[in-house]
Amino acid sequence: MKVKIKTKQIKEVLAITNKIIQKRSPKPILQCLKFVAEKELKVYATNLEINYINTLTDVEIIEPGEVIIPFVQLQGIIKESGVDTLTIETKKNNCIIKETGSKFKLFSLDPEEYPTFSTASGSCLEVDLDIIKAGINKTIFAATVAHNHYAISGVLWRCVDGVLTLVATDGHRLAVVNKEIGEDQDIADKIVPRDFLNLVLKLDAEKVKLMFADNMVFCIADGVIISSSLIEGKFPKYEDVIPKEFNNVVVFDTKEFERCLKLASILVGEPKKVKFVFTKDTVVMSSAAPEQGESEIICPITMSGEDITIYFNPDILKDGIKVLEEKGTLSMSAPEKPVMFSNSSEMNYQFVAMPVNDAV
Amino acid sequence: MNQTRLEQQICGHDTATTMLSRAVTTGMFPQSLLITGIPQLGKRTLAYTIANVLVCTSEMKPCGKCIPCRKLLSGNHPDITILDDAEKSLKIEQIRELQHTLSFSPHESLYKIAILADFERATDGAANALLKTLEEPLSYIILILTARSSTLLLPTIVSRCQVISLKQVTDQVIATMLQKKWNVSVDESMLLGRLAAGRPGWAVQVLTNPDLRAERQTYLSDLIELTCNNYHFRLDYANKCIKKDFPTVTILNLWLSWWRDVLLIRSGVDNNVINIDYLNDLRRFANALPTKEILTIVTRTYTTLQNLKYNVNARLNIEVLVLNLPLLKS
């Protein structure tokens, strides 16, 4: 194999594969990228959970072939070289990287030993990447990081009658996004890993194709294919958790509410707890940290219904409120019942949070 | 039907290999396997070979040539995870990481295999964390544990595994293996087969690292020398033994095999002696010492080993042992 490639292109590939490659993997081949030169140059990266293929077209291919290049060394060469183009070629079992004035000979592994990637297949959705990114941003924070709850460590994807639904939960909070995408294809419940979605957020394209096979998900955009195994398991019945009846409905300015919440979470004890006293036109957020002090923050709101006092862990609320539009709505029924945040203008986003017990 | 070459690949352990190769050919392979036996019997080799048989795509498994076999040999097979670092204890984080890896379906073969070598080094937390996976493994998971003895593991772990207990291999089988695979001469292989005391791994290790043999001779000569020297010499030796990196435990185990031989000769059973190359010295010892005294030395050596394990003062321990050795004429 012999190719001439612009360093800028490799830099872009390295930036995204940096998140995939395991630099300390016990399997040496997983610390490497695979380059395959045919008509175009394809770059492969995998950590066995997430697979990444990037097809680079603007590359001068002098001789087709394939080679395995260690990621860290390639990254070092690209970072320090400062030239525009470099040549990658293979000789026997070695990979030679040349640029003006320098030459590197890297001992390479057998390309045949690189893990095989499944080809993209399954039911397909073609959606604007912006819509997907917005949906992911509004839910991904709620997916659990606890290691023993696999089923809720990802985001649930479902598409019924042209409405795409994304759901994530960690048992304390639940985020649901519904968005009309005008696609006829229905997708049954699939739990997509968080790492995969984080990579989708890094993509740059107008439209993406999402394909869901039995146990794989693929995202195809402008020559890049990211795929991942789906998470096996049963996602909880989230519809039952969303409250339906409310006694109090609060409308607030999102920015102001978020600012006050951040202030109120400065002085909190363990377990973290902020007291919210809602009245007709204000909410008073008060918190106390033993041996440190107390705080009281007043935030203007409008509320319908009786006055209500409720306690929350501020960390659970922060991310859910941040993604709300200008005016947000908080609906409550009782101090110990789950509450729901949503946008005032439309009901495409619901964020359900559990209050904490006053006695704790 | 696919066939396996498990019997040819493994030295001895016929019952185990026959059972396992039948399990592979019938497709009824146990999902959790525990291989037990003393060190260097071939537990790890058996575990690796089983994994190799399960992923190999050739008719005659394992072929060592197909891509999955090559991936396994170079440590790059995506569906095989190996937790094998005898020096360190196995921690709960490693088990959690393993469970995370196992939660995804296999990448390219039919199974996802995990080899947990020397599982007795697992902490209680780690062992308990593995219980769930052992009890309800997903259909594609195969767990292979190895341990010195099943008594060193939690009973809950052992009861969830099919236990394969490996025994010492006969001298003849080890000698034949050495002749076939390592081209060792007949005499040499017979000697090594005997010295290995049933452990094929030891024989192979001596072949790949000839220093080990010289070391063994040094340690046995040390013992002979100790028995014909006075207290000064013995105290000096004890002083040497407590130095860091000095293989005291290995030496004591070797000495145990020596006293075993002395006892055997004393009882008139010459043909099972391990340290056959020192037969004259062994006979001299057996003639000079009464059975009761040999037994006392064996007990004392055992106690010393046990004490060293529990961090009892090493100097005192070794001194008591070497000072109490009998004094013989050279």
# chains A, B, ... in the order shown; residues from 1 in each chain; ligands from 1
>>> interface_residues(of="chain A", to="chain B", cutoff="6 Å", atoms="only C-alpha atoms", output="PyMOL selection string")
chain A and resi 27+29+113
>>> write_last_selection(atoms="C-alpha atoms", output="mmCIF file, in the first residue's frame")
data_model
loop_
_atom_site.group_PDB
_atom_site.id
_atom_site.type_symbol
_atom_site.label_atom_id
_atom_site.label_comp_id
_atom_site.auth_asym_id
_atom_site.auth_seq_id
_atom_site.Cartn_x
_atom_site.Cartn_y
_atom_site.Cartn_z
ATOM 1 C CA LYS A 27 -5.464 -6.417 22.986
ATOM 2 C CA ILE A 29 -4.685 -4.407 17.850
ATOM 3 C CA GLU A 113 -6.238 -9.864 12.638
#
>>> select_by_dssp(residues="region 155-198 of chain A", states="alpha helix (DSSP H)", output="NGL selection string")
:A and (194-198)
>>> residues_around(residues="Leu20 (chain B)", least_positions_apart="5", cutoff="10 Å", atoms="only C-alpha atoms", output="list in words")
Thr4, Leu6, Glu7, Asp14, Thr15, Thr25, Thr26, Met28, Phe29, Pro30, Leu46, Ile50 and Ile164 of chain B
>>> residues_around(residues="region 211-225 of chain B", least_positions_apart="5", cutoff="12 Å", atoms="only C-alpha atoms", output="CSV table (one decimal) with N, CA and C atoms, in the first residue's frame")
chain,number,residue,atom,x,y,z
B,191,LEU,N,14.4,-38.6,32.6
B,191,LEU,CA,14.9,-37.9,33.8
B,191,LEU,C,14.0,-36.7,34.2
B,192,LEU,N,13.7,-35.9,33.1
B,192,LEU,CA,12.9,-34.7,33.4
B,192,LEU,C,11.5,-35.1,33.8
B,195,LEU,N,11.7,-35.9,37.4
B,195,LEU,CA,11.9,-34.7,38.2
B,195,LEU,C,10.7,-33.8,38.3
B,196,ALA,N,9.9,-33.8,37.2
B,196,ALA,CA,8.7,-32.9,37.1
B,196,ALA,C,7.7,-33.2,38.2
B,202,TRP,N,6.4,-27.8,34.6
B,202,TRP,CA,7.7,-27.7,35.2
B,202,TRP,C,8.7,-28.2,34.2
B,203,ALA,N,8.5,-29.3,33.6
B,203,ALA,CA,9.4,-29.9,32.6
B,203,ALA,C,9.7,-28.9,31.5
B,204,VAL,N,8.6,-28.3,31.0
B,204,VAL,CA,8.7,-27.4,29.9
B,204,VAL,C,9.4,-26.1,30.3
B,205,GLN,N,9.1,-25.7,31.5
B,205,GLN,CA,9.8,-24.5,32.0
B,205,GLN,C,11.3,-24.7,32.1
B,206,VAL,N,11.7,-25.9,32.6
B,206,VAL,CA,13.1,-26.2,32.7
B,206,VAL,C,13.8,-26.2,31.4
B,230,ASN,N,28.2,-27.2,60.8
B,230,ASN,CA,27.8,-26.8,62.2
B,230,ASN,C,26.9,-25.5,62.2
B,231,TYR,N,26.7,-25.0,63.4
B,231,TYR,CA,25.7,-23.9,63.6
B,231,TYR,C,26.1,-22.7,62.9
B,233,PHE,N,27.6,-22.2,60.0
B,233,PHE,CA,27.2,-22.3,58.6
B,233,PHE,C,25.7,-22.2,58.5
B,234,ARG,N,25.0,-22.8,59.4
B,234,ARG,CA,23.5,-22.8,59.3
B,234,ARG,C,22.9,-21.5,59.5
B,236,ASP,N,24.4,-18.7,59.0
B,236,ASP,CA,24.8,-17.9,57.8
B,236,ASP,C,23.7,-18.1,56.7
B,237,TYR,N,23.4,-19.4,56.5
B,237,TYR,CA,22.4,-19.8,55.5
B,237,TYR,C,21.1,-19.1,55.8
B,238,ALA,N,20.7,-19.2,57.0
B,238,ALA,CA,19.4,-18.6,57.4
B,238,ALA,C,19.4,-17.1,57.1
B,240,LYS,N,21.0,-15.7,54.7
B,240,LYS,CA,20.8,-15.6,53.3
B,240,LYS,C,19.3,-15.7,52.9
B,241,CYS,N,18.7,-16.7,53.5
B,241,CYS,CA,17.3,-17.0,53.2
B,241,CYS,C,16.3,-15.8,53.4
B,246,PHE,N,14.9,-13.8,47.6
B,246,PHE,CA,15.5,-15.1,47.7
B,246,PHE,C,14.3,-16.1,47.7
B,247,PRO,N,14.3,-17.1,46.8
B,247,PRO,CA,13.1,-18.0,46.7
B,247,PRO,C,13.0,-19.0,47.8
B,248,THR,N,12.8,-18.5,49.0
B,248,THR,CA,12.8,-19.4,50.2
B,248,THR,C,11.6,-20.5,50.0
B,249,VAL,N,10.5,-20.0,49.6
B,249,VAL,CA,9.3,-20.9,49.5
B,249,VAL,C,9.6,-22.0,48.5
B,250,THR,N,10.2,-21.7,47.4
B,250,THR,CA,10.5,-22.7,46.3
B,250,THR,C,11.5,-23.7,46.9
B,251,ILE,N,12.5,-23.2,47.7
B,251,ILE,CA,13.5,-24.0,48.2
B,251,ILE,C,12.9,-25.0,49.2
B,252,LEU,N,12.0,-24.5,50.1
B,252,LEU,CA,11.4,-25.3,51.1
B,252,LEU,C,10.5,-26.4,50.5
B,253,ASN,N,9.8,-26.0,49.4
B,253,ASN,CA,9.0,-27.0,48.7
B,253,ASN,C,9.9,-28.1,48.1
B,254,LEU,N,11.0,-27.7,47.5
B,254,LEU,CA,11.9,-28.6,47.0
B,254,LEU,C,12.5,-29.6,48.0
B,255,TRP,N,12.8,-29.0,49.2
B,255,TRP,CA,13.3,-29.8,50.3
B,255,TRP,C,12.2,-30.8,50.8
B,256,LEU,N,11.0,-30.4,50.7
B,256,LEU,CA,9.9,-31.3,51.1
B,256,LEU,C,9.9,-32.5,50.2
B,257,SER,N,10.1,-32.3,48.9
B,257,SER,CA,10.1,-33.4,47.9
B,257,SER,C,11.3,-34.3,48.3
B,258,TRP,N,12.4,-33.7,48.7
B,258,TRP,CA,13.6,-34.5,49.1
B,258,TRP,C,13.3,-35.4,50.3
B,259,TRP,N,12.6,-34.8,51.3
B,259,TRP,CA,12.3,-35.6,52.5
B,259,TRP,C,11.3,-36.7,52.2
B,275,ASN,N,13.6,-37.2,43.1
B,275,ASN,CA,14.9,-36.6,42.8
B,275,ASN,C,15.9,-37.8,42.5
B,277,ASP,N,18.2,-38.2,40.4
B,277,ASP,CA,19.6,-37.9,40.2
B,277,ASP,C,20.4,-37.8,41.4
B,278,TYR,N,19.8,-37.9,42.6
B,278,TYR,CA,20.5,-37.8,43.9
B,278,TYR,C,20.3,-39.1,44.7
B,280,ASN,N,22.0,-41.7,45.5
B,280,ASN,CA,23.0,-42.1,46.5
B,280,ASN,C,22.8,-41.3,47.7
B,281,ASP,N,22.7,-40.0,47.6
B,281,ASP,CA,22.5,-39.1,48.8
B,281,ASP,C,21.3,-39.5,49.5
B,282,LEU,N,20.2,-39.7,48.8
B,282,LEU,CA,18.9,-40.1,49.4
B,282,LEU,C,19.1,-41.3,50.2
B,284,ARG,N,21.8,-42.5,51.5
B,284,ARG,CA,22.6,-42.2,52.7
B,284,ARG,C,21.7,-41.6,53.8
B,285,PHE,N,20.9,-40.7,53.4
B,285,PHE,CA,20.0,-40.0,54.4
B,285,PHE,C,19.1,-41.0,55.0
B,321,LEU,N,14.3,-23.9,61.7
B,321,LEU,CA,14.3,-25.0,60.7
B,321,LEU,C,15.7,-25.5,60.5
B,322,VAL,N,16.6,-24.6,60.1
B,322,VAL,CA,17.9,-25.1,59.7
B,322,VAL,C,18.7,-25.6,60.9
B,323,LEU,N,18.5,-25.0,62.1
B,323,LEU,CA,19.3,-25.4,63.2
B,323,LEU,C,18.9,-26.8,63.7
B,325,LEU,N,18.0,-29.2,61.7
B,325,LEU,CA,18.2,-30.3,60.7
B,325,LEU,C,19.2,-31.2,61.4
B,326,PRO,N,19.2,-32.5,61.0
B,326,PRO,CA,20.1,-33.5,61.7
B,326,PRO,C,21.5,-33.3,61.2
B,327,LEU,N,22.5,-33.7,61.9
B,327,LEU,CA,23.9,-33.6,61.5
B,327,LEU,C,24.3,-35.0,61.0
B,328,LEU,N,24.7,-35.0,59.8
B,328,LEU,CA,25.1,-36.3,59.2
B,328,LEU,C,26.6,-36.3,58.7
B,329,LYS,N,27.2,-37.5,58.6
B,329,LYS,CA,28.6,-37.5,58.1
B,329,LYS,C,28.5,-37.4,56.6
B,330,SER,N,29.4,-36.6,56.0
B,330,SER,CA,29.4,-36.5,54.5
B,330,SER,C,29.9,-37.7,53.8
>>> closest_residue(among="B:Asn271, B:Ser89, B:Gln306, B:Ser32", to="Ile157 (chain B)", atoms="only C-alpha atoms")
B:Ser32
>>> residues_around(residues="Ala126 (chain B)", least_positions_apart="4", cutoff="8 Å", atoms="only C-alpha atoms", output="number ranges by chain")
B: 90-95, 122, 130
>>> atom_distance(atom1="CA of Asn348 (chain A)", atom2="CA of Val200 (chain A)")
21.2 Å
>>> select_by_dssp(residues="region 48-117 of chain A", states="strand (DSSP E or B)", output="MDAnalysis selection string")
chainID A and resid 50:56 60:63 65:70 85:91 94:99 102:107
>>> write_last_selection(atoms="N, CA and C atoms", output="CSV table (one decimal), in the first residue's frame")
chain,number,residue,atom,x,y,z
A,50,ILE,N,-17.9,0.2,20.0
A,50,ILE,CA,-18.2,1.2,18.9
A,50,ILE,C,-17.3,1.0,17.8
A,51,ASN,N,-17.8,0.9,16.6
A,51,ASN,CA,-17.0,0.8,15.4
A,51,ASN,C,-17.1,2.1,14.6
A,52,TYR,N,-16.0,2.5,14.0
A,52,TYR,CA,-16.0,3.7,13.2
A,52,TYR,C,-15.3,3.5,11.9
A,53,ILE,N,-15.9,3.9,10.8
A,53,ILE,CA,-15.3,3.8,9.5
A,53,ILE,C,-15.4,5.2,8.9
A,54,ASN,N,-14.3,5.7,8.4
A,54,ASN,CA,-14.3,7.0,7.7
A,54,ASN,C,-13.7,6.8,6.3
A,55,THR,N,-14.5,7.2,5.3
A,55,THR,CA,-14.0,7.1,3.9
A,55,THR,C,-13.5,8.4,3.5
A,56,LEU,N,-12.2,8.5,3.2
A,56,LEU,CA,-11.6,9.7,2.8
A,56,LEU,C,-11.4,9.7,1.2
A,60,GLU,N,-4.5,10.7,-2.5
A,60,GLU,CA,-3.8,10.1,-3.7
A,60,GLU,C,-3.4,8.7,-3.4
A,61,ILE,N,-4.1,7.8,-4.1
A,61,ILE,CA,-3.7,6.4,-3.8
A,61,ILE,C,-2.7,5.9,-4.9
A,62,ILE,N,-1.5,5.6,-4.5
A,62,ILE,CA,-0.5,5.2,-5.5
A,62,ILE,C,-0.5,3.7,-5.6
A,63,GLU,N,-0.7,3.0,-4.5
A,63,GLU,CA,-0.8,1.5,-4.6
A,63,GLU,C,-1.8,1.0,-3.5
A,65,GLY,N,-3.9,-1.4,-0.8
A,65,GLY,CA,-3.5,-2.3,0.2
A,65,GLY,C,-4.0,-1.9,1.6
A,66,GLU,N,-3.5,-2.6,2.6
A,66,GLU,CA,-4.0,-2.2,4.0
A,66,GLU,C,-2.9,-2.3,5.0
A,67,VAL,N,-3.1,-1.5,6.1
A,67,VAL,CA,-2.0,-1.5,7.1
A,67,VAL,C,-2.7,-1.1,8.4
A,68,ILE,N,-2.0,-1.6,9.5
A,68,ILE,CA,-2.4,-1.3,10.8
A,68,ILE,C,-1.4,-0.3,11.4
A,69,ILE,N,-1.9,0.9,11.9
A,69,ILE,CA,-1.0,1.9,12.4
A,69,ILE,C,-1.3,2.2,13.9
A,70,PRO,N,-0.3,2.1,14.8
A,70,PRO,CA,-0.6,2.4,16.2
A,70,PRO,C,-1.1,3.8,16.4
A,85,THR,N,1.3,17.5,3.8
A,85,THR,CA,1.0,16.1,3.4
A,85,THR,C,2.0,15.1,3.9
A,86,LEU,N,1.6,13.9,4.0
A,86,LEU,CA,2.6,12.8,4.3
A,86,LEU,C,2.2,11.5,3.5
A,87,THR,N,3.2,10.7,3.4
A,87,THR,CA,3.1,9.4,2.6
A,87,THR,C,3.0,8.3,3.6
A,88,ILE,N,2.1,7.4,3.5
A,88,ILE,CA,2.0,6.2,4.3
A,88,ILE,C,2.2,5.0,3.3
A,89,GLU,N,3.2,4.2,3.6
A,89,GLU,CA,3.4,3.0,2.8
A,89,GLU,C,3.8,1.8,3.6
A,90,THR,N,3.6,0.6,3.0
A,90,THR,CA,3.9,-0.6,3.7
A,90,THR,C,5.0,-1.3,3.0
A,91,LYS,N,5.9,-1.9,3.9
A,91,LYS,CA,7.0,-2.7,3.3
A,91,LYS,C,7.2,-3.9,4.2
A,94,ASN,N,6.2,-3.8,8.0
A,94,ASN,CA,6.3,-2.5,8.6
A,94,ASN,C,5.5,-1.4,7.9
A,95,CYS,N,5.2,-0.4,8.6
A,95,CYS,CA,4.5,0.7,8.0
A,95,CYS,C,5.5,1.9,8.0
A,96,ILE,N,5.6,2.5,6.8
A,96,ILE,CA,6.6,3.6,6.7
A,96,ILE,C,5.8,4.9,6.6
A,97,ILE,N,6.0,5.9,7.5
A,97,ILE,CA,5.4,7.2,7.3
A,97,ILE,C,6.5,8.2,7.0
A,98,LYS,N,6.3,8.8,5.8
A,98,LYS,CA,7.3,9.8,5.4
A,98,LYS,C,6.7,11.1,5.3
A,99,GLU,N,7.5,12.1,5.6
A,99,GLU,CA,7.1,13.5,5.3
A,99,GLU,C,8.4,14.2,4.9
A,102,SER,N,11.6,13.7,7.2
A,102,SER,CA,11.6,12.6,8.2
A,102,SER,C,11.0,11.4,7.7
A,103,LYS,N,11.4,10.3,8.4
A,103,LYS,CA,10.8,9.0,8.0
A,103,LYS,C,10.7,8.1,9.2
A,104,PHE,N,9.5,7.5,9.4
A,104,PHE,CA,9.2,6.6,10.5
A,104,PHE,C,8.9,5.2,10.0
A,105,LYS,N,9.6,4.3,10.7
A,105,LYS,CA,9.3,2.9,10.4
A,105,LYS,C,8.6,2.3,11.6
A,106,LEU,N,7.3,2.0,11.5
A,106,LEU,CA,6.5,1.4,12.6
A,106,LEU,C,6.3,-0.1,12.4
A,107,PHE,N,6.6,-0.9,13.4
A,107,PHE,CA,6.4,-2.3,13.3
A,107,PHE,C,4.9,-2.5,13.4
>>> residues_around(residues="Ile38 (chain B)", least_positions_apart="5", cutoff="10 Å", atoms="only C-alpha atoms", output="list of chain:residue names")
B:Lys43, B:Ala147, B:Arg148, B:Ser149, B:Ser165, B:Leu166, B:Lys167, B:Gln168, B:Gly198, B:Arg199
>>> residues_around(residues="Thr329 (chain A)", least_positions_apart="2", cutoff="7 Å", atoms="only C-alpha atoms", output="PDB file with N, CA and C atoms, in the first residue's frame")
ATOM      1  N   VAL A 249     -49.408  24.466  38.640  1.00  0.00           N
ATOM      2  CA  VAL A 249     -48.644  24.651  37.413  1.00  0.00           C
ATOM      3  C   VAL A 249     -47.864  25.961  37.524  1.00  0.00           C
ATOM      4  N   VAL A 250     -46.535  25.850  37.435  1.00  0.00           N
ATOM      5  CA  VAL A 250     -45.670  27.022  37.597  1.00  0.00           C
ATOM      6  C   VAL A 250     -45.085  27.358  36.232  1.00  0.00           C
ATOM      7  N   VAL A 251     -45.100  28.653  35.885  1.00  0.00           N
ATOM      8  CA  VAL A 251     -44.418  29.090  34.658  1.00  0.00           C
ATOM      9  C   VAL A 251     -43.233  29.952  35.098  1.00  0.00           C
ATOM     10  N   PHE A 252     -42.065  29.667  34.542  1.00  0.00           N
ATOM     11  CA  PHE A 252     -40.879  30.419  34.973  1.00  0.00           C
ATOM     12  C   PHE A 252     -40.000  30.767  33.782  1.00  0.00           C
ATOM     13  N   LYS A 327     -39.255  29.950  28.116  1.00  0.00           N
ATOM     14  CA  LYS A 327     -40.221  29.845  29.222  1.00  0.00           C
ATOM     15  C   LYS A 327     -40.464  28.365  29.541  1.00  0.00           C
ATOM     16  N   SER A 331     -44.935  21.298  36.570  1.00  0.00           N
ATOM     17  CA  SER A 331     -46.248  20.848  37.035  1.00  0.00           C
ATOM     18  C   SER A 331     -46.065  19.902  38.210  1.00  0.00           C
ATOM     19  N   PHE A 341     -41.205  18.880  34.351  1.00  0.00           N
ATOM     20  CA  PHE A 341     -40.800  20.116  33.679  1.00  0.00           C
ATOM     21  C   PHE A 341     -41.087  19.948  32.192  1.00  0.00           C
ATOM     22  N   SER A 342     -41.551  21.040  31.559  1.00  0.00           N
ATOM     23  CA  SER A 342     -41.739  20.974  30.111  1.00  0.00           C
ATOM     24  C   SER A 342     -41.614  22.391  29.557  1.00  0.00           C
ATOM     25  N   ASN A 343     -41.621  22.485  28.229  1.00  0.00           N
ATOM     26  CA  ASN A 343     -41.593  23.811  27.610  1.00  0.00           C
ATOM     27  C   ASN A 343     -43.003  24.380  27.619  1.00  0.00           C
ATOM     28  N   SER A 344     -43.119  25.720  27.808  1.00  0.00           N
ATOM     29  CA  SER A 344     -44.456  26.324  27.851  1.00  0.00           C
ATOM     30  C   SER A 344     -45.103  26.287  26.492  1.00  0.00           C
TER      31      SER A 344
END
>>> closest_residue(among="B:Ile265, B:Leu73, B:Leu178, B:Leu295", to="Gly201 (chain B)", atoms="only C-alpha atoms")
B:Leu178
>>> atom_distance(atom1="CA of Glu326 (chain A)", atom2="CA of Thr254 (chain A)")
5.5 Å
>>> closest_residue(among="A:Val176, A:Ile181, A:Val217, A:Leu48", to="Val323 (chain A)", atoms="only C-alpha atoms")
A:Val176
>>> atom_distance(atom1="CA of Leu152 (chain B)", atom2="CA of Phe119 (chain B)")
8.8 Å
>>> decode(residues="region 163-241 of chain B", atoms="C-alpha atoms", output="PDB file, in the first residue's frame")
ATOM      1  CA  VAL B 163     -15.387 -28.614  38.132  1.00  0.00           C
ATOM      2  CA  ILE B 164     -12.564 -30.364  36.306  1.00  0.00           C
ATOM      3  CA  SER B 165      -9.918 -31.445  38.757  1.00  0.00           C
ATOM      4  CA  LEU B 166      -6.544 -32.146  37.176  1.00  0.00           C
ATOM      5  CA  LYS B 167      -4.210 -34.708  38.725  1.00  0.00           C
ATOM      6  CA  GLN B 168      -0.476 -35.276  38.348  1.00  0.00           C
ATOM      7  CA  VAL B 169       0.558 -36.683  34.988  1.00  0.00           C
ATOM      8  CA  THR B 170       2.645 -39.878  34.863  1.00  0.00           C
ATOM      9  CA  ASP B 171       6.405 -39.662  34.158  1.00  0.00           C
ATOM     10  CA  GLN B 172       5.971 -41.634  30.971  1.00  0.00           C
ATOM     11  CA  VAL B 173       3.370 -39.254  29.506  1.00  0.00           C
ATOM     12  CA  ILE B 174       5.523 -36.206  30.288  1.00  0.00           C
ATOM     13  CA  ALA B 175       8.583 -37.925  28.788  1.00  0.00           C
ATOM     14  CA  THR B 176       6.700 -38.794  25.584  1.00  0.00           C
ATOM     15  CA  MET B 177       5.447 -35.196  25.305  1.00  0.00           C
ATOM     16  CA  LEU B 178       9.007 -33.884  25.721  1.00  0.00           C
ATOM     17  CA  GLN B 179      10.302 -36.257  23.057  1.00  0.00           C
ATOM     18  CA  LYS B 180       7.563 -35.396  20.564  1.00  0.00           C
ATOM     19  CA  LYS B 181       7.142 -31.662  21.003  1.00  0.00           C
ATOM     20  CA  TRP B 182      10.550 -30.581  22.246  1.00  0.00           C
ATOM     21  CA  ASN B 183      12.813 -33.177  20.585  1.00  0.00           C
ATOM     22  CA  VAL B 184      14.398 -34.136  23.883  1.00  0.00           C
ATOM     23  CA  SER B 185      16.493 -37.339  23.943  1.00  0.00           C
ATOM     24  CA  VAL B 186      14.954 -40.437  25.573  1.00  0.00           C
ATOM     25  CA  ASP B 187      17.244 -40.489  28.636  1.00  0.00           C
ATOM     26  CA  GLU B 188      16.911 -36.778  29.251  1.00  0.00           C
ATOM     27  CA  SER B 189      13.124 -36.867  28.827  1.00  0.00           C
ATOM     28  CA  MET B 190      12.833 -39.794  31.253  1.00  0.00           C
ATOM     29  CA  LEU B 191      14.867 -37.901  33.835  1.00  0.00           C
ATOM     30  CA  LEU B 192      12.883 -34.676  33.370  1.00  0.00           C
ATOM     31  CA  GLY B 193       9.622 -36.611  33.438  1.00  0.00           C
ATOM     32  CA  ARG B 194      10.598 -38.009  36.823  1.00  0.00           C
ATOM     33  CA  LEU B 195      11.915 -34.713  38.219  1.00  0.00           C
ATOM     34  CA  ALA B 196       8.739 -32.899  37.108  1.00  0.00           C
ATOM     35  CA  ALA B 197       6.803 -34.830  39.777  1.00  0.00           C
ATOM     36  CA  GLY B 198       3.713 -35.011  37.604  1.00  0.00           C
ATOM     37  CA  ARG B 199       3.823 -31.370  36.434  1.00  0.00           C
ATOM     38  CA  PRO B 200       4.313 -31.087  32.647  1.00  0.00           C
ATOM     39  CA  GLY B 201       4.591 -27.310  33.049  1.00  0.00           C
ATOM     40  CA  TRP B 202       7.684 -27.694  35.200  1.00  0.00           C
ATOM     41  CA  ALA B 203       9.440 -29.860  32.614  1.00  0.00           C
ATOM     42  CA  VAL B 204       8.683 -27.360  29.854  1.00  0.00           C
ATOM     43  CA  GLN B 205       9.810 -24.479  32.037  1.00  0.00           C
ATOM     44  CA  VAL B 206      13.135 -26.191  32.728  1.00  0.00           C
ATOM     45  CA  LEU B 207      13.637 -26.730  28.994  1.00  0.00           C
ATOM     46  CA  THR B 208      12.979 -23.090  28.152  1.00  0.00           C
ATOM     47  CA  ASN B 209      14.997 -21.810  31.103  1.00  0.00           C
ATOM     48  CA  PRO B 210      17.996 -24.115  31.818  1.00  0.00           C
ATOM     49  CA  ASP B 211      19.026 -21.939  34.798  1.00  0.00           C
ATOM     50  CA  LEU B 212      16.165 -23.488  36.766  1.00  0.00           C
ATOM     51  CA  ARG B 213      17.849 -26.862  36.674  1.00  0.00           C
ATOM     52  CA  ALA B 214      21.127 -25.478  37.950  1.00  0.00           C
ATOM     53  CA  GLU B 215      19.234 -23.642  40.695  1.00  0.00           C
ATOM     54  CA  ARG B 216      17.498 -26.842  41.746  1.00  0.00           C
ATOM     55  CA  GLN B 217      20.851 -28.572  42.057  1.00  0.00           C
ATOM     56  CA  THR B 218      22.244 -25.684  44.096  1.00  0.00           C
ATOM     57  CA  TYR B 219      19.322 -25.760  46.524  1.00  0.00           C
ATOM     58  CA  LEU B 220      19.550 -29.531  47.009  1.00  0.00           C
ATOM     59  CA  SER B 221      23.334 -29.309  47.503  1.00  0.00           C
ATOM     60  CA  ASP B 222      22.650 -26.585  50.063  1.00  0.00           C
ATOM     61  CA  LEU B 223      20.484 -29.019  52.016  1.00  0.00           C
ATOM     62  CA  ILE B 224      23.123 -31.736  51.894  1.00  0.00           C
ATOM     63  CA  GLU B 225      25.762 -29.257  52.977  1.00  0.00           C
ATOM     64  CA  LEU B 226      23.588 -27.950  55.813  1.00  0.00           C
ATOM     65  CA  THR B 227      23.265 -31.449  57.245  1.00  0.00           C
ATOM     66  CA  CYS B 228      27.023 -31.876  57.480  1.00  0.00           C
ATOM     67  CA  ASN B 229      27.910 -28.432  58.831  1.00  0.00           C
ATOM     68  CA  ASN B 230      27.850 -26.752  62.194  1.00  0.00           C
ATOM     69  CA  TYR B 231      25.731 -23.947  63.602  1.00  0.00           C
ATOM     70  CA  HIS B 232      27.820 -21.104  62.122  1.00  0.00           C
ATOM     71  CA  PHE B 233      27.211 -22.307  58.601  1.00  0.00           C
ATOM     72  CA  ARG B 234      23.533 -22.850  59.299  1.00  0.00           C
ATOM     73  CA  LEU B 235      22.997 -19.390  60.761  1.00  0.00           C
ATOM     74  CA  ASP B 236      24.762 -17.865  57.769  1.00  0.00           C
ATOM     75  CA  TYR B 237      22.419 -19.765  55.484  1.00  0.00           C
ATOM     76  CA  ALA B 238      19.359 -18.589  57.424  1.00  0.00           C
ATOM     77  CA  ASN B 239      20.678 -15.062  57.034  1.00  0.00           C
ATOM     78  CA  LYS B 240      20.819 -15.563  53.262  1.00  0.00           C
ATOM     79  CA  CYS B 241      17.285 -16.988  53.159  1.00  0.00           C
TER      80      CYS B 241
END
